[in-house]
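Visitor: What follows is my_file-v5.pdb; its format and atoms are PDB, C-alpha atoms.
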ATOM      1  CA  MET A   1      -7.174   0.503  27.127  1.00  0.00           C
ATOM      2  CA  TYR A   2      -7.965  -2.838  25.567  1.00  0.00           C
ATOM      3  CA  PRO A   3      -9.377  -2.689  22.050  1.00  0.00           C
ATOM      4  CA  THR A   4     -11.551  -5.632  21.188  1.00  0.00           C
ATOM      5  CA  LYS A   5     -13.425  -6.168  17.996  1.00  0.00           C
ATOM      6  CA  LYS A   6     -16.119  -8.496  16.902  1.00  0.00           C
ATOM      7  CA  ILE A   7     -13.531  -9.595  14.349  1.00  0.00           C
ATOM      8  CA  SER A   8     -10.433  -9.860  16.551  1.00  0.00           C
ATOM      9  CA  GLN A   9      -8.934 -10.731  19.882  1.00  0.00           C
ATOM     10  CA  SER A  10      -8.121  -8.095  22.472  1.00  0.00           C
ATOM     11  CA  LEU A  11      -4.861  -6.207  22.412  1.00  0.00           C
ATOM     12  CA  ASP A  12      -3.529  -4.015  25.192  1.00  0.00           C
ATOM     13  CA  PHE A  13      -2.110  -0.749  23.851  1.00  0.00           C
ATOM     14  CA  PHE A  14      -0.720   0.036  27.302  1.00  0.00           C
ATOM     15  CA  ASP A  15       1.160  -3.220  27.876  1.00  0.00           C
ATOM     16  CA  PRO A  16       4.594  -2.979  26.212  1.00  0.00           C
ATOM     17  CA  PHE A  17       4.874  -6.785  26.241  1.00  0.00           C
ATOM     18  CA  ASP A  18       1.592  -7.246  24.344  1.00  0.00           C
ATOM     19  CA  PHE A  19       2.108  -4.596  21.679  1.00  0.00           C
ATOM     20  CA  ASP A  20       4.896  -4.131  19.171  1.00  0.00           C
ATOM     21  CA  PHE A  21       5.347  -0.411  18.628  1.00  0.00           C
ATOM     22  CA  PHE A  22       7.656  -0.946  15.667  1.00  0.00           C
ATOM     23  CA  THR A  23       5.076  -2.500  13.362  1.00  0.00           C
ATOM     24  CA  PRO A  24       1.737  -1.061  12.229  1.00  0.00           C
ATOM     25  CA  TRP A  25      -1.142  -2.246  14.364  1.00  0.00           C
ATOM     26  CA  THR A  26      -3.332  -4.907  12.840  1.00  0.00           C
ATOM     27  CA  PRO A  27      -5.722  -7.254  14.587  1.00  0.00           C
ATOM     28  CA  ARG A  28      -4.320 -10.664  15.382  1.00  0.00           C
ATOM     29  CA  THR A  29      -7.326 -12.472  13.971  1.00  0.00           C
ATOM     30  CA  ILE A  30      -9.381 -11.264  11.046  1.00  0.00           C
ATOM     31  CA  GLU A  31     -12.434 -13.199   9.959  1.00  0.00           C
ATOM     32  CA  ASN A  32     -13.859 -12.506   6.507  1.00  0.00           C
ATOM     33  CA  GLN A  33     -12.742  -8.891   6.371  1.00  0.00           C
ATOM     34  CA  SER A  34      -9.853  -7.234   4.620  1.00  0.00           C
ATOM     35  CA  SER A  35      -7.473  -5.251   6.817  1.00  0.00           C
ATOM     36  CA  ARG A  36      -7.721  -2.308   4.421  1.00  0.00           C
ATOM     37  CA  HIS A  37     -11.156  -1.584   5.929  1.00  0.00           C
ATOM     38  CA  LEU A  38      -9.777  -1.307   9.449  1.00  0.00           C
ATOM     39  CA  PRO A  39      -8.830   2.257  10.324  1.00  0.00           C
ATOM     40  CA  ARG A  40      -5.231   2.876  11.276  1.00  0.00           C
ATOM     41  CA  THR A  41      -5.150   3.854  14.932  1.00  0.00           C
ATOM     42  CA  ASN A  42      -2.696   5.788  17.085  1.00  0.00           C
ATOM     43  CA  VAL A  43      -2.984   5.863  20.865  1.00  0.00           C
ATOM     44  CA  ARG A  44      -0.904   8.361  22.815  1.00  0.00           C
ATOM     45  CA  HIS A  45      -1.059  10.049  26.184  1.00  0.00           C
ATOM     46  CA  ASN A  46       0.340  12.853  28.257  1.00  0.00           C
ATOM     47  CA  ASP A  47      -0.086  13.841  31.909  1.00  0.00           C
ATOM     48  CA  THR A  48      -3.695  14.932  31.436  1.00  0.00           C
ATOM     49  CA  ALA A  49      -5.291  12.631  28.834  1.00  0.00           C
ATOM     50  CA  TYR A  50      -5.176   9.677  26.462  1.00  0.00           C
ATOM     51  CA  PHE A  51      -5.759  10.330  22.758  1.00  0.00           C
ATOM     52  CA  VAL A  52      -7.112   7.790  20.280  1.00  0.00           C
ATOM     53  CA  GLU A  53      -6.563   8.927  16.697  1.00  0.00           C
ATOM     54  CA  MET A  54      -8.202   6.993  13.879  1.00  0.00           C
ATOM     55  CA  ALA A  55      -7.698   7.538  10.156  1.00  0.00           C
ATOM     56  CA  VAL A  56     -11.186   7.820   8.653  1.00  0.00           C
ATOM     57  CA  PRO A  57     -10.696   9.462   5.235  1.00  0.00           C
ATOM     58  CA  GLY A  58     -13.868  10.011   3.275  1.00  0.00           C
ATOM     59  CA  MET A  59     -16.084   9.488   6.313  1.00  0.00           C
ATOM     60  CA  SER A  60     -18.466  12.098   7.606  1.00  0.00           C
ATOM     61  CA  ARG A  61     -19.587  12.670  11.174  1.00  0.00           C
ATOM     62  CA  ASN A  62     -22.825  10.863  10.279  1.00  0.00           C
ATOM     63  CA  ASP A  63     -20.845   7.706   9.401  1.00  0.00           C
ATOM     64  CA  LEU A  64     -19.378   7.506  12.926  1.00  0.00           C
ATOM     65  CA  ASN A  65     -20.983   6.602  16.243  1.00  0.00           C
ATOM     66  CA  ILE A  66     -19.050   6.820  19.531  1.00  0.00           C
ATOM     67  CA  THR A  67     -20.691   5.585  22.740  1.00  0.00           C
ATOM     68  CA  LEU A  68     -19.979   4.242  26.208  1.00  0.00           C
ATOM     69  CA  ASN A  69     -21.624   0.863  26.730  1.00  0.00           C
ATOM     70  CA  ASP A  70     -23.177  -0.520  29.942  1.00  0.00           C
ATOM     71  CA  GLU A  71     -19.776  -1.746  31.155  1.00  0.00           C
ATOM     72  CA  GLY A  72     -18.245   1.719  30.693  1.00  0.00           C
ATOM     73  CA  ASN A  73     -16.247   0.705  27.602  1.00  0.00           C
ATOM     74  CA  LEU A  74     -15.754   3.033  24.660  1.00  0.00           C
ATOM     75  CA  VAL A  75     -17.396   1.737  21.465  1.00  0.00           C
ATOM     76  CA  VAL A  76     -16.474   3.225  18.080  1.00  0.00           C
ATOM     77  CA  LYS A  77     -18.699   2.237  15.154  1.00  0.00           C
ATOM     78  CA  MET A  78     -18.129   3.227  11.564  1.00  0.00           C
ATOM     79  CA  GLN A  79     -20.650   2.569   8.826  1.00  0.00           C
ATOM     80  CA  HIS A  80     -20.306   4.007   5.345  1.00  0.00           C
ATOM     81  CA  GLN A  81     -23.086   2.957   2.986  1.00  0.00           C
ATOM     82  CA  GLN A  82     -22.784   2.623  -0.740  1.00  0.00           C
ATOM     83  CA  LYS A  83     -24.896   4.883  -2.882  1.00  0.00           C
ATOM     84  CA  SER A  84     -28.423   3.957  -3.882  1.00  0.00           C
ATOM     85  CA  GLU A  85     -29.158   2.180  -7.166  1.00  0.00           C
ATOM     86  CA  GLU A  86     -30.319   5.449  -8.767  1.00  0.00           C
ATOM     87  CA  GLN A  87     -27.085   7.211  -7.829  1.00  0.00           C
ATOM     88  CA  LYS A  88     -25.067   4.260  -9.137  1.00  0.00           C
ATOM     89  CA  LYS A  89     -26.860   4.385 -12.504  1.00  0.00           C
ATOM     90  CA  GLU A  90     -26.082   8.096 -12.848  1.00  0.00           C
ATOM     91  CA  GLN A  91     -22.362   7.476 -12.243  1.00  0.00           C
ATOM     92  CA  GLY A  92     -22.037   4.586 -14.697  1.00  0.00           C
ATOM     93  CA  ARG A  93     -20.340   1.212 -14.385  1.00  0.00           C
ATOM     94  CA  TYR A  94     -17.020   0.697 -12.626  1.00  0.00           C
ATOM     95  CA  LEU A  95     -14.155  -0.926 -14.500  1.00  0.00           C
ATOM     96  CA  ARG A  96     -12.257  -1.277 -11.243  1.00  0.00           C
ATOM     97  CA  ARG A  97     -13.572  -0.618  -7.750  1.00  0.00           C
ATOM     98  CA  GLU A  98     -11.483  -0.485  -4.599  1.00  0.00           C
ATOM     99  CA  PHE A  99     -13.821   1.652  -2.516  1.00  0.00           C
ATOM    100  CA  SER A 100     -16.535  -0.337  -0.834  1.00  0.00           C
ATOM    101  CA  GLU A 101     -19.046  -0.300   1.966  1.00  0.00           C
ATOM    102  CA  VAL A 102     -17.320  -0.065   5.324  1.00  0.00           C
ATOM    103  CA  ASN A 103     -18.692  -1.493   8.557  1.00  0.00           C
ATOM    104  CA  PHE A 104     -16.413  -1.446  11.549  1.00  0.00           C
ATOM    105  CA  GLU A 105     -16.861  -1.671  15.306  1.00  0.00           C
ATOM    106  CA  GLN A 106     -14.198  -1.537  17.973  1.00  0.00           C
ATOM    107  CA  THR A 107     -14.597  -1.606  21.749  1.00  0.00           C
ATOM    108  CA  TYR A 108     -11.951  -0.139  24.031  1.00  0.00           C
ATOM    109  CA  VAL A 109     -11.817  -1.258  27.651  1.00  0.00           C
ATOM    110  CA  LEU A 110     -10.759   1.992  29.282  1.00  0.00           C
ATOM    111  CA  PRO A 111      -8.088   2.312  31.968  1.00  0.00           C
ATOM    112  CA  ASP A 112      -9.275   3.044  35.503  1.00  0.00           C
ATOM    113  CA  ASP A 113      -7.849   6.574  35.424  1.00  0.00           C
ATOM    114  CA  VAL A 114     -10.125   7.823  32.605  1.00  0.00           C
ATOM    115  CA  GLU A 115     -12.745  10.425  33.514  1.00  0.00           C
ATOM    116  CA  LYS A 116     -15.601   8.912  31.498  1.00  0.00           C
ATOM    117  CA  GLN A 117     -17.874  11.964  31.738  1.00  0.00           C
ATOM    118  CA  GLY A 118     -15.228  14.162  30.100  1.00  0.00           C
ATOM    119  CA  ILE A 119     -14.635  12.137  26.915  1.00  0.00           C
ATOM    120  CA  THR A 120     -14.791  14.257  23.755  1.00  0.00           C
ATOM    121  CA  ALA A 121     -14.299  13.621  20.040  1.00  0.00           C
ATOM    122  CA  ALA A 122     -13.344  15.820  17.112  1.00  0.00           C
ATOM    123  CA  MET A 123     -12.771  15.184  13.436  1.00  0.00           C
ATOM    124  CA  ALA A 124     -10.498  17.131  11.107  1.00  0.00           C
ATOM    125  CA  ASP A 125      -8.781  16.285   7.827  1.00  0.00           C
ATOM    126  CA  GLY A 126      -9.898  12.639   7.894  1.00  0.00           C
ATOM    127  CA  ILE A 127      -8.626  12.021  11.427  1.00  0.00           C
ATOM    128  CA  LEU A 128     -11.016  11.224  14.278  1.00  0.00           C
ATOM    129  CA  THR A 129      -9.470  12.179  17.631  1.00  0.00           C
ATOM    130  CA  ILE A 130     -11.090  10.904  20.818  1.00  0.00           C
ATOM    131  CA  THR A 131      -9.802  12.616  23.954  1.00  0.00           C
ATOM    132  CA  LEU A 132     -10.007  10.618  27.171  1.00  0.00           C
ATOM    133  CA  PRO A 133      -9.144  12.899  30.087  1.00  0.00           C
ATOM    134  CA  LYS A 134      -7.359  11.359  33.042  1.00  0.00           C
ATOM    135  CA  ILE A 135      -8.767  11.653  36.553  1.00  0.00           C
ATOM    136  CA  LYS A 136      -6.845  14.326  38.393  1.00  0.00           C
ATOM    137  CA  GLU A 137      -5.203  12.821  41.415  1.00  0.00           C
ATOM    138  CA  GLU A 138      -4.743  15.076  44.384  1.00  0.00           C
ATOM    139  CA  LYS A 139      -1.312  14.342  45.737  1.00  0.00           C
ATOM    140  CA  PRO A 140      -1.132  14.878  49.469  1.00  0.00           C
ATOM    141  CA  SER A 141       1.408  17.438  50.510  1.00  0.00           C
ATOM    142  CA  VAL A 142       4.330  15.928  52.407  1.00  0.00           C
ATOM    143  CA  ALA A 143       5.505  19.300  53.683  1.00  0.00           C
ATOM    144  CA  ARG A 144       4.463  19.908  57.285  1.00  0.00           C
ATOM    145  CA  GLN A 145       5.693  21.318  60.555  1.00  0.00           C
ATOM    146  CA  ILE A 146       7.119  18.758  62.962  1.00  0.00           C
ATOM    147  CA  ASN A 147       6.698  19.666  66.602  1.00  0.00           C
ATOM    148  CA  ILE A 148       9.438  18.958  69.103  1.00  0.00           C
ATOM    149  CA  ASP A 149       8.263  17.165  72.276  1.00  0.00           C
TER     150      ASP A 149
END
Now, as a test, write the supplied structure out as structure tokens.
Guide:
Amino acid sequence: MYPTKKISQSLDFFDPFDFDFFTPWTPRTIENQSSRHLPRTNVRHNDTAYFVEMAVPGMSRNDLNITLNDEGNLVVKMQHQQKSEEQKKEQGRYLRREFSEVNFEQTYVLPDDVEKQGITAAMADGILTITLPKIKEEKPSVARQINID
């Protein structure tokens, strides 16, 4: 799975020589965007599926959009709008503001063994989990009767 962003280069989560597991993941190139707006991401797998977990605290399901594009890549978009001017006036003026509008898009080039029709997503406690089931390979049985000629 190769995540690519409009704001960064690609990075292969599945290539141990391209990814340092001992440091938090951050894009290699960031253009005009603070890294605090990029969701922390975990990617793990087992025998049956890959799991992409993204920290999205304060986001609702309506702020997130997950699609497969024409090339079969997984696209995760996050857009959290600031409140309207009327809502801002009711809340008063900020003396310090660290929360801001968040716009994020990341494209994952999926491995060949992902069953694209079975992809699901769930959100709980500020964590978005995208489940990418693996294609079940039928292993041919090697056990057989050998006839003696």
Visitor: Write out as number ranges by chain the residues lying within 10 Å of segment 121-132 of chain A, counting only C-alpha atoms and excluding same-chain residues fewer than 5 positions away.
Guide: A: 39-45, 48-61, 64, 66, 74, 76, 110-111, 113-116
Visitor: Using only C-alpha atoms, can you tell me which of A:Glu101, A:Arg93, A:Thr67, A:Ile119 comes closest to Gln79 of chain A?
Guide: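 Of all the options, A:Glu101 lies closest to Gln79 of chain A.
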Visitor: Suppose you want the space between atom CA of His80 of chain A and atom CA of Val109 of chain A; what is it in Å?
Guide: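 So the two atoms, atom CA of His80 of chain A and atom CA of Val109 of chain A, lie 24.4 Å apart.
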Visitor: What does the distance between atom CA of Glu90 of chain A and atom CA of Phe104 of chain A come to in Å, to one decimal place?
Guide: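 That distance, rounded to one decimal, is 27.9 Å.
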Visitor: For atom CA of Gln106 of chain A and atom CA of Met78 of chain A, quote the distance in Å rounded to one decimal.
Guide: 8.9 Å
